[in-house]
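**Student:** What follows is the file entry_11.tsv, containing TSV, C-alpha atoms:
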```
chain	number	residue	atom	x	y	z
A	1	MET	CA	108.64	75.13	85.61
A	2	ARG	CA	109.52	71.46	85.60
A	3	GLY	CA	106.56	69.85	87.31
A	4	VAL	CA	107.25	67.93	90.48
A	5	THR	CA	111.00	68.45	90.15
A	6	ALA	CA	110.64	72.25	90.43
A	7	ARG	CA	112.97	73.64	93.11
A	8	LEU	CA	111.34	76.01	95.59
A	9	MET	CA	113.46	78.61	97.38
A	10	LEU	CA	112.01	80.20	100.53
A	11	LEU	CA	113.59	83.38	101.90
A	12	ASP	CA	113.37	84.20	105.60
A	13	THR	CA	113.26	87.80	104.48
A	14	ALA	CA	113.66	89.67	107.77
A	15	SER	CA	116.53	87.42	108.82
A	16	LEU	CA	118.28	88.15	105.53
A	17	TYR	CA	117.78	91.91	105.46
A	18	PHE	CA	119.04	92.09	109.06
A	19	ARG	CA	122.16	90.24	107.86
A	20	ALA	CA	122.46	92.61	104.91
A	21	TYR	CA	122.03	95.64	107.17
A	22	PHE	CA	124.90	94.59	109.41
A	23	GLY	CA	127.02	93.25	106.54
A	24	VAL	CA	126.91	96.27	104.21
A	25	PRO	CA	128.20	99.66	105.41
A	26	GLU	CA	125.70	102.43	106.16
A	27	SER	CA	127.71	104.63	103.82
A	28	VAL	CA	125.67	102.99	101.02
A	29	LYS	CA	122.98	105.65	100.71
A	30	ALA	CA	120.15	106.92	98.53
A	31	PRO	CA	120.48	110.29	96.77
A	32	ASP	CA	118.72	111.96	99.73
A	33	GLY	CA	121.25	110.49	102.17
A	34	MET	CA	119.08	107.72	103.64
A	35	PRO	CA	121.03	104.49	104.13
A	36	VAL	CA	119.95	101.74	101.74
A	37	ASN	CA	122.54	99.18	102.80
A	38	ALA	CA	119.89	96.59	103.76
A	39	VAL	CA	118.03	97.09	100.47
A	40	ARG	CA	121.06	96.77	98.26
A	41	GLY	CA	122.58	94.00	100.32
A	42	LEU	CA	119.40	91.94	100.10
A	43	LEU	CA	119.16	92.46	96.32
A	44	GLU	CA	122.77	91.33	95.90
A	45	PHE	CA	122.10	88.30	98.07
A	46	ILE	CA	119.03	87.28	96.05
A	47	ASP	CA	121.05	87.76	92.86
A	48	ARG	CA	123.72	85.39	94.12
A	49	LEU	CA	121.18	82.85	95.35
A	50	VAL	CA	119.43	82.73	91.99
A	51	LYS	CA	122.74	82.44	90.11
A	52	ASP	CA	124.14	79.73	92.36
A	53	HIS	CA	121.06	77.62	93.10
A	54	ARG	CA	118.70	78.24	90.15
A	55	PRO	CA	115.33	77.93	91.87
A	56	ASP	CA	112.23	77.51	89.74
A	57	ARG	CA	110.05	79.13	92.37
A	58	LEU	CA	110.94	81.85	94.86
A	59	VAL	CA	109.01	83.24	97.84
A	60	ALA	CA	110.03	86.08	100.14
A	61	CYS	CA	108.38	84.98	103.39
A	62	MET	CA	107.45	87.82	105.74
A	63	ASP	CA	106.70	88.30	109.44
A	64	ALA	CA	103.10	89.51	109.43
A	65	ASP	CA	103.35	89.01	113.19
A	66	TRP	CA	106.87	88.60	114.58
A	67	ARG	CA	105.58	87.66	118.08
A	68	PRO	CA	102.21	85.92	117.73
A	69	GLN	CA	99.94	86.19	120.74
A	70	TRP	CA	99.23	82.46	120.72
A	71	ARG	CA	102.91	81.82	121.36
A	72	VAL	CA	103.10	84.53	124.05
A	73	ASP	CA	100.05	83.04	125.80
A	74	LEU	CA	101.97	79.77	126.16
A	75	ILE	CA	105.37	81.28	127.11
A	76	PRO	CA	105.03	84.97	128.16
A	77	SER	CA	108.80	85.54	127.92
A	78	TYR	CA	108.77	84.66	124.20
A	79	LYS	CA	110.76	87.43	122.46
A	80	ALA	CA	109.70	89.80	125.27
A	81	HIS	CA	113.11	91.50	125.43
A	82	ARG	CA	112.77	92.54	121.77
A	83	VAL	CA	109.53	94.49	122.24
A	84	ALA	CA	110.02	98.20	121.54
A	85	GLU	CA	106.38	99.15	122.14
A	86	GLU	CA	103.38	97.17	123.29
A	87	ARG	CA	100.18	97.70	121.30
A	88	ALA	CA	96.64	96.97	122.41
A	89	ALA	CA	95.58	96.18	118.84
A	90	GLY	CA	97.83	94.35	116.41
A	91	PRO	CA	101.36	93.01	116.87
A	92	ASP	CA	103.74	94.68	119.30
A	93	GLU	CA	106.43	96.80	117.68
A	94	GLU	CA	109.79	95.03	117.41
A	95	GLU	CA	112.99	96.79	118.37
A	96	VAL	CA	114.74	97.49	115.06
A	97	PRO	CA	117.74	99.75	114.34
A	98	ASP	CA	116.58	103.30	113.49
A	99	THR	CA	118.20	103.28	110.06
A	100	LEU	CA	116.81	99.85	109.15
A	101	SER	CA	113.11	100.51	109.75
A	102	PRO	CA	112.71	103.00	106.85
A	103	GLN	CA	114.34	100.52	104.48
A	104	VAL	CA	111.76	97.75	105.02
A	105	PRO	CA	108.97	99.42	102.96
A	106	VAL	CA	111.50	100.01	100.17
A	107	ILE	CA	112.46	96.32	100.21
A	108	GLU	CA	108.79	95.33	100.01
A	109	ALA	CA	108.09	97.75	97.14
A	110	VAL	CA	111.11	96.53	95.15
A	111	LEU	CA	110.19	92.86	95.61
A	112	ASP	CA	106.63	93.61	94.47
A	113	ALA	CA	107.80	95.54	91.39
A	114	LEU	CA	110.18	92.71	90.50
A	115	GLY	CA	107.36	90.19	90.76
A	116	ILE	CA	108.97	88.11	93.51
A	117	ALA	CA	106.16	86.57	95.57
A	118	ARG	CA	105.97	88.12	99.03
A	119	VAL	CA	103.87	86.16	101.52
A	120	GLY	CA	103.00	86.96	105.11
A	121	VAL	CA	99.95	85.74	107.03
A	122	PRO	CA	98.35	87.62	109.96
A	123	GLY	CA	99.00	85.89	113.28
A	124	TYR	CA	102.06	84.01	112.04
A	125	GLU	CA	105.80	84.47	111.73
A	126	ALA	CA	107.76	83.98	108.53
A	127	ASP	CA	109.00	80.69	110.02
A	128	ASP	CA	105.42	79.38	109.98
A	129	VAL	CA	104.90	80.46	106.38
A	130	ILE	CA	108.15	78.72	105.48
A	131	GLY	CA	107.08	75.59	107.37
A	132	THR	CA	103.76	75.41	105.54
A	133	PHE	CA	105.27	75.94	102.10
A	134	THR	CA	107.87	73.29	102.93
A	135	ALA	CA	105.28	70.78	104.12
A	136	SER	CA	103.14	71.15	101.01
A	137	ALA	CA	105.87	71.34	98.33
A	138	ASP	CA	106.16	68.51	95.82
A	139	GLY	CA	109.79	69.05	94.84
A	140	PRO	CA	113.04	70.00	96.59
A	141	VAL	CA	113.07	73.01	98.92
A	142	ASP	CA	115.91	75.38	99.81
A	143	ILE	CA	115.25	77.49	102.93
A	144	VAL	CA	117.51	80.54	103.16
A	145	THR	CA	117.74	81.83	106.71
A	146	GLY	CA	120.09	83.04	109.40
A	147	ASP	CA	117.80	81.46	112.02
A	148	ARG	CA	118.87	78.01	113.20
A	149	ASP	CA	115.33	77.29	114.41
A	150	LEU	CA	114.47	76.33	110.84
A	151	TYR	CA	116.94	73.45	110.97
A	152	GLN	CA	113.92	71.49	112.24
A	153	LEU	CA	112.66	71.41	108.63
A	154	VAL	CA	115.77	69.69	107.23
A	155	ASP	CA	114.80	66.34	105.73
A	156	ASP	CA	117.12	64.52	103.34
A	157	ALA	CA	114.47	62.05	102.20
A	158	ARG	CA	112.20	64.88	101.05
A	159	GLU	CA	115.10	67.08	99.78
A	160	ARG	CA	114.60	69.85	102.33
A	161	ARG	CA	117.76	71.73	103.26
A	162	VAL	CA	118.71	75.05	104.87
A	163	LEU	CA	121.14	77.50	103.29
A	164	TYR	CA	122.60	79.25	106.32
A	165	PRO	CA	124.76	82.40	105.93
A	166	LEU	CA	128.02	81.96	107.83
A	167	LYS	CA	129.61	85.32	107.08
A	168	GLY	CA	127.48	88.28	106.09
A	169	VAL	CA	125.38	87.03	103.19
A	170	GLY	CA	128.20	85.76	101.00
A	171	THR	CA	129.17	82.36	102.42
A	172	LEU	CA	126.48	79.73	102.89
A	173	GLN	CA	126.48	76.50	104.89
A	174	ILE	CA	124.44	73.92	102.99
A	175	THR	CA	122.73	72.32	105.98
A	176	ASP	CA	121.50	68.75	105.53
A	177	GLU	CA	121.07	65.92	108.02
A	178	THR	CA	124.77	65.03	107.87
A	179	VAL	CA	125.70	68.53	108.98
A	180	LEU	CA	123.11	68.47	111.78
A	181	ARG	CA	124.32	65.15	113.12
A	182	GLU	CA	127.94	66.31	113.05
A	183	LYS	CA	127.21	69.61	114.77
A	184	TYR	CA	124.33	68.79	117.10
A	185	GLY	CA	123.92	65.01	117.20
A	186	VAL	CA	120.33	65.16	115.92
A	187	ASP	CA	118.50	65.11	112.61
A	188	GLY	CA	116.03	67.74	111.44
A	189	ALA	CA	113.10	66.18	113.29
A	190	GLY	CA	115.09	66.20	116.53
A	191	TYR	CA	116.34	69.77	116.29
A	192	ALA	CA	113.20	71.39	117.73
A	193	ASP	CA	113.40	69.15	120.81
A	194	LEU	CA	117.09	70.00	121.19
A	195	ALA	CA	116.32	73.72	120.92
A	196	LEU	CA	113.54	73.73	123.49
A	197	LEU	CA	115.54	71.63	125.97
A	198	ARG	CA	118.63	73.86	125.86
A	199	GLY	CA	116.59	77.08	125.60
A	200	ASP	CA	117.33	80.16	123.54
A	201	PRO	CA	117.90	83.54	125.24
A	202	SER	CA	117.52	85.36	121.91
A	203	ASP	CA	113.91	84.12	121.73
A	204	GLY	CA	113.19	84.31	125.46
A	205	LEU	CA	112.96	80.52	125.82
A	206	PRO	CA	114.20	79.42	129.26
A	207	GLY	CA	114.92	75.78	128.42
A	208	VAL	CA	115.49	73.20	131.14
A	209	PRO	CA	117.88	74.67	133.74
A	210	GLY	CA	121.23	72.89	133.68
A	211	VAL	CA	120.57	71.15	130.36
A	212	GLY	CA	122.83	72.57	127.68
A	213	GLU	CA	123.21	71.54	124.08
A	214	LYS	CA	125.47	68.53	124.68
A	215	THR	CA	123.34	67.14	127.50
A	216	ALA	CA	120.19	67.65	125.43
A	217	ALA	CA	121.75	65.78	122.51
A	218	LYS	CA	122.78	62.89	124.77
A	219	LEU	CA	119.31	62.64	126.29
A	220	LEU	CA	117.70	62.65	122.84
A	221	ALA	CA	120.14	59.98	121.62
A	222	GLU	CA	119.19	57.75	124.55
A	223	TYR	CA	115.45	58.37	124.83
A	224	GLY	CA	114.52	59.29	121.24
A	225	ASP	CA	112.54	62.49	121.64
A	226	LEU	CA	111.11	64.89	124.20
A	227	ALA	CA	108.24	62.57	125.09
A	228	GLY	CA	110.75	59.80	125.73
A	229	ILE	CA	112.82	62.02	128.03
A	230	VAL	CA	109.75	63.13	130.00
A	231	ALA	CA	108.65	59.49	130.34
A	232	ALA	CA	112.16	58.51	131.49
A	233	ALA	CA	112.06	61.20	134.18
A	234	ALA	CA	108.85	59.67	135.52
A	235	ASP	CA	110.29	56.13	135.50
A	236	PRO	CA	112.67	55.44	138.41
A	237	GLY	CA	114.11	52.49	136.48
A	238	THR	CA	115.75	54.63	133.78
A	239	ARG	CA	119.38	55.74	133.77
A	240	LEU	CA	118.75	59.46	134.27
A	241	THR	CA	120.81	60.89	137.08
A	242	PRO	CA	118.87	62.16	140.10
A	243	THR	CA	119.71	65.73	139.09
A	244	GLN	CA	118.56	65.26	135.52
A	245	ARG	CA	115.38	63.58	136.69
A	246	ARG	CA	114.63	66.48	139.04
A	247	ARG	CA	115.37	69.12	136.44
A	248	VAL	CA	113.18	67.53	133.77
A	249	THR	CA	110.37	66.97	136.25
A	250	GLU	CA	110.48	70.53	137.58
A	251	ALA	CA	110.46	71.87	134.03
A	252	GLY	CA	107.28	69.90	133.30
A	253	PRO	CA	104.97	72.94	132.85
A	254	TYR	CA	107.44	74.52	130.39
A	255	LEU	CA	107.98	71.27	128.49
A	256	ALA	CA	104.21	70.81	128.13
A	257	VAL	CA	103.84	74.03	126.10
A	258	ALA	CA	107.28	74.59	124.57
A	259	PRO	CA	106.83	72.25	121.57
A	260	LYS	CA	103.93	74.31	120.20
A	261	VAL	CA	105.99	77.49	120.59
A	262	VAL	CA	109.26	76.16	119.16
A	263	ARG	CA	107.94	74.01	116.33
A	264	VAL	CA	106.92	75.96	113.25
A	265	ALA	CA	103.32	75.76	112.13
A	266	LEU	CA	102.73	73.54	109.11
A	267	ASP	CA	99.11	74.49	108.46
A	268	VAL	CA	99.12	78.25	107.91
A	269	PRO	CA	96.28	79.38	105.57
A	270	LEU	CA	98.50	80.56	102.72
A	271	PRO	CA	97.08	83.03	100.20
A	272	ASP	CA	97.17	82.33	96.50
A	273	ALA	CA	100.49	83.55	95.13
A	274	ASP	CA	102.40	83.23	91.89
A	275	THR	CA	105.62	81.72	93.17
A	276	ALA	CA	107.27	81.22	89.78
A	277	LEU	CA	110.66	82.89	89.53
A	278	PRO	CA	110.02	86.06	87.49
A	279	HIS	CA	112.03	86.47	84.31
A	280	ALA	CA	111.08	90.12	83.79
A	281	PRO	CA	109.91	92.80	86.24
A	282	ARG	CA	106.19	92.78	86.96
A	283	ASP	CA	106.08	96.59	87.00
A	284	PRO	CA	109.05	98.03	85.08
A	285	GLU	CA	107.96	101.65	85.51
A	286	ALA	CA	107.61	101.32	89.27
A	287	LEU	CA	110.95	99.54	89.43
A	288	ASP	CA	112.67	102.31	87.45
A	289	ALA	CA	111.18	104.90	89.79
A	290	LEU	CA	112.34	102.97	92.86
A	291	ALA	CA	115.83	102.54	91.40
A	292	ALA	CA	116.12	106.30	90.80
A	293	ARG	CA	114.54	107.36	94.10
A	294	TRP	CA	116.68	105.10	96.25
A	295	GLY	CA	119.86	104.88	94.18
A	296	LEU	CA	119.75	101.10	93.82
A	297	GLY	CA	122.15	101.13	90.89
A	298	GLY	CA	124.09	98.03	89.95
A	299	SER	CA	122.57	95.89	92.73
A	300	LEU	CA	119.17	96.04	91.09
A	301	ARG	CA	120.43	95.94	87.50
A	302	ARG	CA	122.39	92.76	88.15
A	303	LEU	CA	119.40	91.04	89.75
A	304	VAL	CA	117.10	92.00	86.87
A	305	ALA	CA	119.68	90.65	84.41
A	306	THR	CA	120.03	87.41	86.38
A	307	LEU	CA	116.27	86.91	86.53
A	308	GLY	CA	116.14	87.46	82.78
A	309	GLY	CA	118.77	84.78	82.23
A	310	GLY	CA	121.61	87.22	81.63
```
Translate this file's structure into structure tokens.
**Tutor:**
Amino acid sequence: MRGVTARLMLLDTASLYFRAYFGVPESVKAPDGMPVNAVRGLLEFIDRLVKDHRPDRLVACMDADWRPQWRVDLIPSYKAHRVAEERAAGPDEEEVPDTLSPQVPVIEAVLDALGIARVGVPGYEADDVIGTFTASADGPVDIVTGDRDLYQLVDDARERRVLYPLKGVGTLQITDETVLREKYGVDGAGYADLALLRGDPSDGLPGVPGVGEKTAAKLLAEYGDLAGIVAAAADPGTRLTPTQRRRVTEAGPYLAVAPKVVRVALDVPLPDADTALPHAPRDPEALDALAARWGLGGSLRRLVATLGGG
């Protein structure tokens, strides 16, 4: 640990094991024939991340609730199409590929045996955990995710960047404010407003009808932020076209609640956790048993060696 200069790496764990699942063939199996492609793919990805970026602290952030009720109360369509089963008590069950679901407990057990901090908080998504760690960190932060929503946390002045997998889990886009301005015309602070204006079908966010990404970026460039756009729609002296003015005005109820849904929480009550990068497994016996039971082979051995400085 190097005091305030310590680099924190935050893993959007579910996003990454989904990437691993689809990037590594299902022919990668445990001795009993169960696919372990997501497990091994994630271990290989973490190994590469640690080798290439040398974090001092590492947290696997988890979805304790992938569709929090407080977000659904504001926008009922939020992630509704991804619900596999509604539950009266506790989070709804998310639709997950049949051969991925059994691998998630294995991933969790392996991370715990390695000693990699694994943090999820009831009532919050991993994004919110990541947002809170990012807000409170003293040193630089690398956020590893396949979810562009977290671009909202990019901040060059505070050394916050997103490592975004472009192909499988092997090629990363180092996303800073220069990249955001080139691709989207906004900085990190403006990305959430861009996202809620254009909408996101994958999250069930309707957006403002007729306002796509380019129009949203132009409006933000002219009026500064969402509040400025809403104020411009109410002011007949602004340069909004009649159609834009009508669309923004009609979307008023959505725009009033969307920021709370789209912006990640920065005040999640995080539990105490040892976030230091482990240099030796926390539970070697458990790790050996997991390696044998699930046939984790070289993927796990390489990560253990990397963590140990090998």
**Student:** Quick one: residues within 9 Å of Tyr254 in chain A, all atoms listed in the file counted, chain neighbours fewer than 5 positions away excluded, as a VMD selection string?
**Tutor:** chain A and resid 74 to 75 206 to 208
**Student:** Find the residues near range 42-50 of chain A: any atom within 6 Å, counting only C-alpha atoms, skip ones fewer than 2 places away on the same chain, and give them as a short mmCIF file (atom, residue, chain, number, x, y, z; two decimals) with C-alpha atoms, in the coordinates of the input.
**Tutor:**
```cif
data_model
loop_
_atom_site.label_atom_id
_atom_site.label_comp_id
_atom_site.auth_asym_id
_atom_site.auth_seq_id
_atom_site.Cartn_x
_atom_site.Cartn_y
_atom_site.Cartn_z
CA TYR A 17 117.78 91.91 105.46
CA ALA A 20 122.46 92.61 104.91
CA ALA A 38 119.89 96.59 103.76
CA VAL A 39 118.03 97.09 100.47
CA ARG A 40 121.06 96.77 98.26
CA ASP A 52 124.14 79.73 92.36
CA HIS A 53 121.06 77.62 93.10
CA ARG A 54 118.70 78.24 90.15
CA SER A 299 122.57 95.89 92.73
CA LEU A 303 119.40 91.04 89.75
#
```
**Student:** Calculate, to one decimal in Å, the centre and edge lengths of the box along x, y and z of the file that holds all listed atoms of range 272-286 of chain A with 4 Å of margin on each side, and present them as AutoDock Vina command-line options.
**Tutor:**
```
--center_x 104.6 --center_y 91.4 --center_z 90.1 --size_x 22.9 --size_y 28.4 --size_z 20.7
```
**Student:** Give the answer as one residue: which of A:Thr249, A:Thr13, A:Thr238, A:Ser136 has the shortest atom-to-atom distance to Ala64 in chain A, using only C-alpha atoms?
**Tutor:**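 Using only C-alpha atoms, the shortest distance to Ala64 in chain A belongs to A:Thr13.
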**Student:** Considering only C-alpha atoms, tabulate each residue of range 103-213 of chain A that lies at most 6 Å from range 261-285 of chain A along with its nearest interatomic pair and the corresponding distance in Å to one decimal; arrange the rows by chain and ascending residue number and present them as CSV.
**Tutor:**
```
residue,atom,partner,partner_atom,distance
A:Ala113,CA,A:Asp283,CA,4.8
A:Leu114,CA,A:Pro281,CA,4.3
A:Gly115,CA,A:Arg282,CA,4.7
A:Ala117,CA,A:Thr275,CA,5.4
A:Asp128,CA,A:Ala265,CA,4.7
A:Gly131,CA,A:Leu266,CA,5.1
A:Thr132,CA,A:Leu266,CA,4.2
```
**Student:** Please identify all polymer residues within 12 Å of Arg181 in chain A, counting all atoms listed in the file, omitting same-chain residues fewer than 6 positions from it, and present them as a list in words.
**Tutor:**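 Within the cut-off, the hits are Tyr151, Val154, Thr175, Asp187, Gly188, Ala189, Gly190, Tyr191, Leu194, Ala217, Lys218 and Ala221 of chain A.
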**Student:** Counting all atoms listed in the file, which residues have an atom no more than 10 Å from (114.8, 78.6, 116.4) in the file's coordinates? Please list them as a PyMOL selection string.
**Tutor:** chain A and resi 127+146-152+191-192+195-196+199-200+202-203+205+261-264
**Student:** Using all atoms listed in the file, can you list as a PyMOL selection string the residues within 12 Å of (108.9, 90.8, 109.4)?
**Tutor:** chain A and resi 11-18+60-68+91-96+101+104-105+107-108+118-129
**Student:** Tell me which of A:Arg245, A:Glu222, A:Val144, A:Ala231 sits closest to Gly210 in chain A, counting all atoms listed in the file.
**Tutor:**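 Nearest to Gly210 in chain A: A:Arg245.
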**Student:** Need the shell around Gly204 in chain A: protein/DNA/RNA residues with any atom at most 7 Å away, counting only C-alpha atoms. Skip same-chain ones fewer than 4 positions apart. Format as a PyMOL selection string?
**Tutor:** chain A and resi 77-80+200
**Student:** Which of these residues is nearest to Gly252 in chain A, using only C-alpha atoms: A:Asn37, A:Leu307, A:Leu111, A:Ile229?
**Tutor:** A:Ile229
**Student:** Using all atoms listed in the file, pick whichever of A:Glu177, A:Asp32, A:Asp156, A:Asp142 has the shortest atom-to-atom distance to Gly295 in chain A.
**Tutor:**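 Nearest to Gly295 in chain A: A:Asp32.
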